[in-house]
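Trainee: The structure file structure-v2.txt (compact mmCIF, C-alpha atoms) is provided below.
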# COMPACT_ATOMS: atom_id res chain seq x y z
CA MET A 1 28.74 20.08 36.53
CA ALA A 2 27.41 19.44 33.04
CA THR A 3 24.76 21.76 31.68
CA ARG A 4 22.04 20.74 29.27
CA ASN A 5 20.20 23.01 26.90
CA GLU A 6 16.44 22.70 27.00
CA VAL A 7 14.85 21.65 23.70
CA ILE A 8 11.45 23.22 23.15
CA TYR A 9 8.78 22.67 20.50
CA GLN A 10 9.58 25.76 18.44
CA SER A 11 13.15 24.61 17.83
CA ILE A 12 12.41 21.32 16.03
CA ALA A 13 10.56 20.53 12.79
CA LEU A 14 10.06 17.29 10.85
CA PHE A 15 10.24 17.03 7.06
CA SER A 16 9.76 14.16 4.62
CA SER A 17 10.94 13.73 1.06
CA ASP A 18 10.84 11.17 -1.69
CA VAL A 19 13.97 9.07 -2.01
CA THR A 20 15.68 10.58 -5.03
CA GLY A 21 19.36 10.49 -5.86
CA ASP A 22 21.95 11.56 -3.32
CA ALA A 23 22.00 11.15 0.41
CA PHE A 24 21.56 14.23 2.57
CA GLU A 25 23.97 17.00 1.66
CA GLY A 26 22.75 20.28 3.11
CA VAL A 27 19.29 20.46 1.57
CA PRO A 28 17.32 17.28 0.75
CA SER A 29 16.66 16.60 -2.91
CA GLY A 30 13.22 15.73 -4.22
CA LYS A 31 9.80 16.89 -3.06
CA VAL A 32 10.12 18.09 0.54
CA ALA A 33 7.10 18.42 2.82
CA GLY A 34 7.11 19.87 6.32
CA LEU A 35 4.92 17.64 8.45
CA GLN A 36 2.26 19.50 10.42
CA ARG A 37 1.09 19.34 14.05
CA VAL A 38 3.89 16.96 15.13
CA THR A 39 3.92 16.54 18.92
CA ASP A 40 6.73 14.06 19.57
CA ILE A 41 9.76 12.74 17.64
CA ASN A 42 12.09 9.88 18.60
CA TRP A 43 14.88 8.43 16.50
CA GLY A 44 17.76 6.11 17.05
CA GLY A 45 19.92 3.32 15.84
CA GLU A 46 21.32 0.10 17.17
CA VAL A 47 24.33 -1.89 16.04
CA ALA A 48 24.52 -5.55 17.06
CA ARG A 49 28.08 -6.49 18.03
CA GLN A 50 29.69 -9.59 19.44
CA ASP A 51 32.75 -9.75 21.69
CA ILE A 52 35.64 -11.78 20.32
CA ASN A 53 37.36 -13.49 23.26
CA CYS A 54 40.59 -15.49 23.19
CA MET A 55 42.04 -17.84 25.76
CA GLY A 56 44.71 -16.21 27.86
CA LYS A 57 43.24 -12.66 27.60
CA LEU A 58 40.91 -11.18 30.15
CA ALA A 59 39.48 -8.47 27.89
CA ALA A 60 37.76 -9.04 24.56
CA THR A 61 40.11 -8.90 21.58
CA SER A 62 37.57 -6.97 19.52
CA ARG A 63 33.86 -6.29 19.05
CA GLU A 64 32.64 -7.24 15.59
CA ILE A 65 29.45 -6.08 13.91
CA ILE A 66 27.35 -9.18 13.24
CA GLU A 67 24.21 -7.65 11.65
CA GLU A 68 23.34 -4.55 9.68
CA PRO A 69 22.44 -1.56 11.88
CA THR A 70 18.80 -1.04 12.86
CA VAL A 71 17.55 2.53 12.45
CA ASN A 72 14.13 3.69 13.62
CA LEU A 73 12.01 6.81 13.66
CA ASP A 74 8.81 7.30 15.67
CA PHE A 75 6.62 10.38 15.82
CA THR A 76 3.12 11.40 16.81
CA TYR A 77 0.94 14.14 15.39
CA TYR A 78 -2.58 15.51 15.66
CA LEU A 79 -4.90 14.33 12.87
CA ALA A 80 -6.09 17.09 10.57
CA ASN A 81 -6.61 17.38 6.82
CA GLY A 82 -4.63 14.40 5.48
CA PHE A 83 -1.52 16.40 4.56
CA ASN A 84 0.81 14.31 6.75
CA GLU A 85 -0.66 11.06 5.49
CA ASP A 86 -0.11 12.16 1.89
CA ALA A 87 3.48 13.19 2.67
CA MET A 88 4.10 9.72 4.13
CA GLY A 89 2.85 7.95 0.97
CA LEU A 90 -0.59 6.90 2.21
CA SER A 91 -3.64 7.16 -0.07
CA VAL A 92 -5.86 10.09 0.88
CA THR A 93 -8.84 11.92 -0.62
CA LYS A 94 -7.62 14.73 -2.87
CA TYR A 95 -9.45 17.73 -4.30
CA GLY A 96 -12.86 16.53 -3.13
CA HIS A 97 -12.70 13.26 -5.08
CA LEU A 98 -13.24 10.01 -3.22
CA ASN A 99 -10.65 7.30 -3.53
CA ASP A 100 -11.99 3.79 -3.94
CA VAL A 101 -8.93 2.45 -2.13
CA SER A 102 -7.85 1.96 1.45
CA LEU A 103 -5.52 4.32 3.28
CA ILE A 104 -2.58 1.92 3.10
CA SER A 105 -3.03 0.94 -0.56
CA GLY A 106 -0.38 3.46 -1.59
CA VAL A 107 2.15 1.63 0.56
CA LEU A 108 1.00 -1.92 -0.21
CA ALA A 109 0.82 -1.59 -4.01
CA ASP A 110 3.98 0.45 -4.31
CA ALA A 111 5.65 -0.43 -7.59
CA PHE A 112 7.82 2.69 -7.85
CA GLY A 113 9.27 3.07 -4.35
CA SER A 114 7.04 5.98 -3.31
CA SER A 115 6.48 4.46 0.14
CA GLU A 116 10.23 4.68 0.80
CA LYS A 117 10.89 8.12 2.26
CA ASN A 118 13.66 10.17 3.80
CA TYR A 119 12.88 12.10 6.98
CA TYR A 120 14.74 15.15 8.25
CA ILE A 121 14.59 16.49 11.80
CA LEU A 122 15.62 20.14 11.69
CA THR A 123 16.88 21.74 14.90
CA VAL A 124 17.29 25.52 15.04
CA ALA A 125 18.70 27.81 17.71
CA GLN A 126 16.62 28.52 20.77
CA GLY A 127 14.45 31.57 20.38
CA GLU A 128 13.97 30.89 16.67
CA ASP A 129 10.92 29.17 15.15
CA ALA A 130 11.78 26.15 13.00
CA SER A 131 8.61 26.76 10.98
CA ASP A 132 10.03 30.12 9.82
CA VAL A 133 13.09 28.50 8.23
CA ASP A 134 13.37 28.81 4.45
CA LEU A 135 14.65 25.42 3.22
CA GLY A 136 16.29 27.13 0.27
CA VAL A 137 18.78 28.87 2.57
CA VAL A 138 19.28 26.14 5.18
CA ALA A 139 22.77 25.43 3.84
CA SER A 140 23.94 28.93 4.80
CA ALA A 141 22.57 28.91 8.36
CA ASP A 142 23.71 27.29 11.59
CA TYR A 143 21.21 24.46 12.01
CA GLY A 144 21.41 20.79 12.94
CA VAL A 145 19.72 18.15 10.81
CA VAL A 146 19.20 14.49 11.63
CA ALA A 147 18.50 12.57 8.41
CA VAL A 148 16.78 9.18 8.56
CA GLY A 149 17.14 7.63 5.12
CA ASN A 150 15.33 4.96 3.16
CA ALA A 151 12.56 4.63 5.75
CA PHE A 152 9.60 2.28 5.42
CA MET A 153 6.48 2.55 7.57
CA SER A 154 6.27 -0.31 10.08
CA ASP A 155 3.38 0.85 12.27
CA TYR A 156 0.55 3.38 11.97
CA THR A 157 -1.86 3.79 14.86
CA VAL A 158 -4.75 6.22 15.19
CA ASN A 159 -5.79 7.12 18.73
CA LEU A 160 -9.37 8.35 19.24
CA ALA A 161 -10.92 9.07 22.63
CA VAL A 162 -13.83 11.14 23.85
CA GLY A 163 -12.52 14.44 25.17
CA ASP A 164 -9.09 14.12 23.49
CA ILE A 165 -7.77 15.48 20.22
CA PRO A 166 -7.40 12.63 17.68
CA ASN A 167 -3.76 11.78 17.02
CA ALA A 168 -1.67 9.26 15.13
CA ALA A 169 1.53 7.46 16.09
CA VAL A 170 3.81 6.32 13.28
CA SER A 171 6.93 4.12 13.32
CA PHE A 172 9.48 3.64 10.56
CA ASP A 173 12.36 1.23 10.01
CA ALA A 174 15.17 2.77 8.01
CA ALA A 175 18.47 1.89 6.37
CA ASN A 176 20.62 4.79 7.56
CA LEU A 177 20.94 7.68 9.98
CA THR A 178 23.19 10.69 9.75
CA PHE A 179 23.61 14.04 11.48
CA ALA A 180 24.93 17.22 9.96
CA THR A 181 25.24 20.83 10.93
CA VAL A 182 24.48 23.14 8.08
I'd like the structure from this file rewritten - as structure tokens, please.

Mentor:
Amino acid sequence: MATRNEVIYQSIALFSSDVTGDAFEGVPSGKVAGLQRVTDINWGGEVARQDINCMGKLAATSREIIEEPTVNLDFTYYLANGFNEDAMGLSVTKYGHLNDVSLISGVLADAFGSSEKNYYILTVAQGEDASDVDLGVVASADYGVVAVGNAFMSDYTVNLAVGDIPNAAVSFDAANLTFATV
């Protein structure tokens, strides 16, 4: 009988970084921000393939990739002070000054690629808090990291209801997905 380890909230953390230079190799390069109050994370990828069939053979000869892979990342978090929105490249009020722009203007008027982000899902051993991990020494520890690279926001939804804590749901389409143990 197969056994499955339970994954609990303390063992997973979500980070974002600007897209700078190399792909994920141990520790992400660039400005790294640990997203706060994240309640749910889903990621995945899909590769479209087509069976190649030939007369006289029952089974397919091969399965060829016909489109580039589709990578996605979805997560939800409780709304708070705008830190997560800033880390995702959205325009927020900073240092008490009012912006005369909309929340999504940072993504829409992006001339320098700042709306393109890398996201890292850090998984630590059970019984250890992911928030206590020092990113400077991640490469020497036994952690798992799912890296979703070159991600662009495709959906941002704010959910407000009387009696509930305000939260946001965000979806990203990305160019690549990799997993590493570090």

Trainee: Which of these residues is nearest to Tyr78 in chain A, using only C-alpha atoms: A:Asn42, A:Leu177, A:Tyr143, A:Thr157?

Mentor: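 So, comparing all the options, the nearest one is A:Thr157.
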
Trainee: For a quick check of understanding, using only C-alpha atoms, which of A:Thr70, A:Leu58, A:Met88, A:Asn53 has the smallest distance to Phe15 in chain A?

Mentor: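 Ranking A:Thr70, A:Leu58, A:Met88, A:Asn53 by distance to Phe15 in chain A, first place goes to A:Met88.
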
Trainee: Select, from A:Lys117, A:Thr76, A:Ile52, A:Thr61, the residue with the minimum atom-to-atom distance to Val32 in chain A, counting only C-alpha atoms.

Mentor: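 Among the listed residues, A:Lys117 lies closest to Val32 in chain A.
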
Trainee: Could you check how far CA of Thr181 in chain A sits from CA of Val47 in chain A, in Å to one decimal?

Mentor: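 Taking CA of Thr181 in chain A and CA of Val47 in chain A, their separation equals 23.3 Å.
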
Trainee: Take range 140-151 of chain A, bring it up to all heavy atoms, and give me the output as a PDB file, keeping the file's coordinate frame.

Mentor:
ATOM      1  N   SER A 140      23.111  27.809   4.386  1.00  0.00           N
ATOM      2  CA  SER A 140      23.940  28.930   4.800  1.00  0.00           C
ATOM      3  C   SER A 140      23.720  29.307   6.267  1.00  0.00           C
ATOM      4  O   SER A 140      24.300  30.248   6.755  1.00  0.00           O
ATOM      5  CB  SER A 140      23.630  30.146   3.918  1.00  0.00           C
ATOM      6  OG  SER A 140      22.288  30.548   4.114  1.00  0.00           O
ATOM      7  N   ALA A 141      22.883  28.595   6.966  1.00  0.00           N
ATOM      8  CA  ALA A 141      22.570  28.910   8.360  1.00  0.00           C
ATOM      9  C   ALA A 141      23.237  27.905   9.295  1.00  0.00           C
ATOM     10  O   ALA A 141      23.832  26.933   8.862  1.00  0.00           O
ATOM     11  CB  ALA A 141      21.068  28.917   8.553  1.00  0.00           C
ATOM     12  N   ASP A 142      23.108  28.162  10.589  1.00  0.00           N
ATOM     13  CA  ASP A 142      23.710  27.290  11.590  1.00  0.00           C
ATOM     14  C   ASP A 142      22.637  26.420  12.229  1.00  0.00           C
ATOM     15  O   ASP A 142      22.164  26.716  13.319  1.00  0.00           O
ATOM     16  CB  ASP A 142      24.428  28.144  12.636  1.00  0.00           C
ATOM     17  CG  ASP A 142      25.193  27.292  13.633  1.00  0.00           C
ATOM     18  OD1 ASP A 142      25.579  26.169  13.270  1.00  0.00           O
ATOM     19  OD2 ASP A 142      25.398  27.749  14.767  1.00  0.00           O
ATOM     20  N   TYR A 143      22.250  25.348  11.545  1.00  0.00           N
ATOM     21  CA  TYR A 143      21.210  24.460  12.010  1.00  0.00           C
ATOM     22  C   TYR A 143      21.755  23.034  12.095  1.00  0.00           C
ATOM     23  O   TYR A 143      22.722  22.684  11.437  1.00  0.00           O
ATOM     24  CB  TYR A 143      20.007  24.448  11.058  1.00  0.00           C
ATOM     25  CG  TYR A 143      19.367  25.796  10.864  1.00  0.00           C
ATOM     26  CD1 TYR A 143      19.092  26.285   9.600  1.00  0.00           C
ATOM     27  CD2 TYR A 143      19.033  26.577  11.953  1.00  0.00           C
ATOM     28  CE1 TYR A 143      18.501  27.518   9.423  1.00  0.00           C
ATOM     29  CE2 TYR A 143      18.442  27.815  11.795  1.00  0.00           C
ATOM     30  CZ  TYR A 143      18.180  28.286  10.535  1.00  0.00           C
ATOM     31  OH  TYR A 143      17.596  29.508  10.373  1.00  0.00           O
ATOM     32  N   GLY A 144      21.082  22.210  12.886  1.00  0.00           N
ATOM     33  CA  GLY A 144      21.410  20.790  12.940  1.00  0.00           C
ATOM     34  C   GLY A 144      20.307  20.001  12.256  1.00  0.00           C
ATOM     35  O   GLY A 144      19.126  20.330  12.391  1.00  0.00           O
ATOM     36  N   VAL A 145      20.688  18.974  11.514  1.00  0.00           N
ATOM     37  CA  VAL A 145      19.720  18.150  10.810  1.00  0.00           C
ATOM     38  C   VAL A 145      20.064  16.681  11.038  1.00  0.00           C
ATOM     39  O   VAL A 145      21.189  16.258  10.797  1.00  0.00           O
ATOM     40  CB  VAL A 145      19.711  18.440   9.296  1.00  0.00           C
ATOM     41  CG1 VAL A 145      18.727  17.519   8.576  1.00  0.00           C
ATOM     42  CG2 VAL A 145      19.359  19.886   9.032  1.00  0.00           C
ATOM     43  N   VAL A 146      19.083  15.938  11.545  1.00  0.00           N
ATOM     44  CA  VAL A 146      19.200  14.490  11.630  1.00  0.00           C
ATOM     45  C   VAL A 146      18.447  13.938  10.428  1.00  0.00           C
ATOM     46  O   VAL A 146      17.264  14.243  10.239  1.00  0.00           O
ATOM     47  CB  VAL A 146      18.591  13.939  12.938  1.00  0.00           C
ATOM     48  CG1 VAL A 146      18.607  12.418  12.930  1.00  0.00           C
ATOM     49  CG2 VAL A 146      19.331  14.495  14.141  1.00  0.00           C
ATOM     50  N   ALA A 147      19.125  13.151   9.599  1.00  0.00           N
ATOM     51  CA  ALA A 147      18.500  12.570   8.410  1.00  0.00           C
ATOM     52  C   ALA A 147      18.336  11.073   8.616  1.00  0.00           C
ATOM     53  O   ALA A 147      19.291  10.375   8.923  1.00  0.00           O
ATOM     54  CB  ALA A 147      19.361  12.852   7.187  1.00  0.00           C
ATOM     55  N   VAL A 148      17.105  10.609   8.473  1.00  0.00           N
ATOM     56  CA  VAL A 148      16.780   9.180   8.560  1.00  0.00           C
ATOM     57  C   VAL A 148      16.431   8.763   7.131  1.00  0.00           C
ATOM     58  O   VAL A 148      15.419   9.200   6.592  1.00  0.00           O
ATOM     59  CB  VAL A 148      15.607   8.933   9.515  1.00  0.00           C
ATOM     60  CG1 VAL A 148      15.248   7.465   9.549  1.00  0.00           C
ATOM     61  CG2 VAL A 148      15.937   9.449  10.906  1.00  0.00           C
ATOM     62  N   GLY A 149      17.288   7.932   6.531  1.00  0.00           N
ATOM     63  CA  GLY A 149      17.140   7.630   5.120  1.00  0.00           C
ATOM     64  C   GLY A 149      16.560   6.271   4.826  1.00  0.00           C
ATOM     65  O   GLY A 149      16.713   5.334   5.592  1.00  0.00           O
ATOM     66  N   ASN A 150      15.904   6.199   3.669  1.00  0.00           N
ATOM     67  CA  ASN A 150      15.330   4.960   3.160  1.00  0.00           C
ATOM     68  C   ASN A 150      14.425   4.303   4.200  1.00  0.00           C
ATOM     69  O   ASN A 150      14.578   3.138   4.533  1.00  0.00           O
ATOM     70  CB  ASN A 150      16.417   4.003   2.708  1.00  0.00           C
ATOM     71  CG  ASN A 150      17.365   4.649   1.732  1.00  0.00           C
ATOM     72  OD1 ASN A 150      18.401   5.146   2.139  1.00  0.00           O
ATOM     73  ND2 ASN A 150      17.005   4.678   0.467  1.00  0.00           N
ATOM     74  N   ALA A 151      13.461   5.081   4.691  1.00  0.00           N
ATOM     75  CA  ALA A 151      12.560   4.630   5.750  1.00  0.00           C
ATOM     76  C   ALA A 151      11.281   4.044   5.179  1.00  0.00           C
ATOM     77  O   ALA A 151      10.704   4.570   4.232  1.00  0.00           O
ATOM     78  CB  ALA A 151      12.228   5.797   6.681  1.00  0.00           C
TER      79      ALA A 151
END
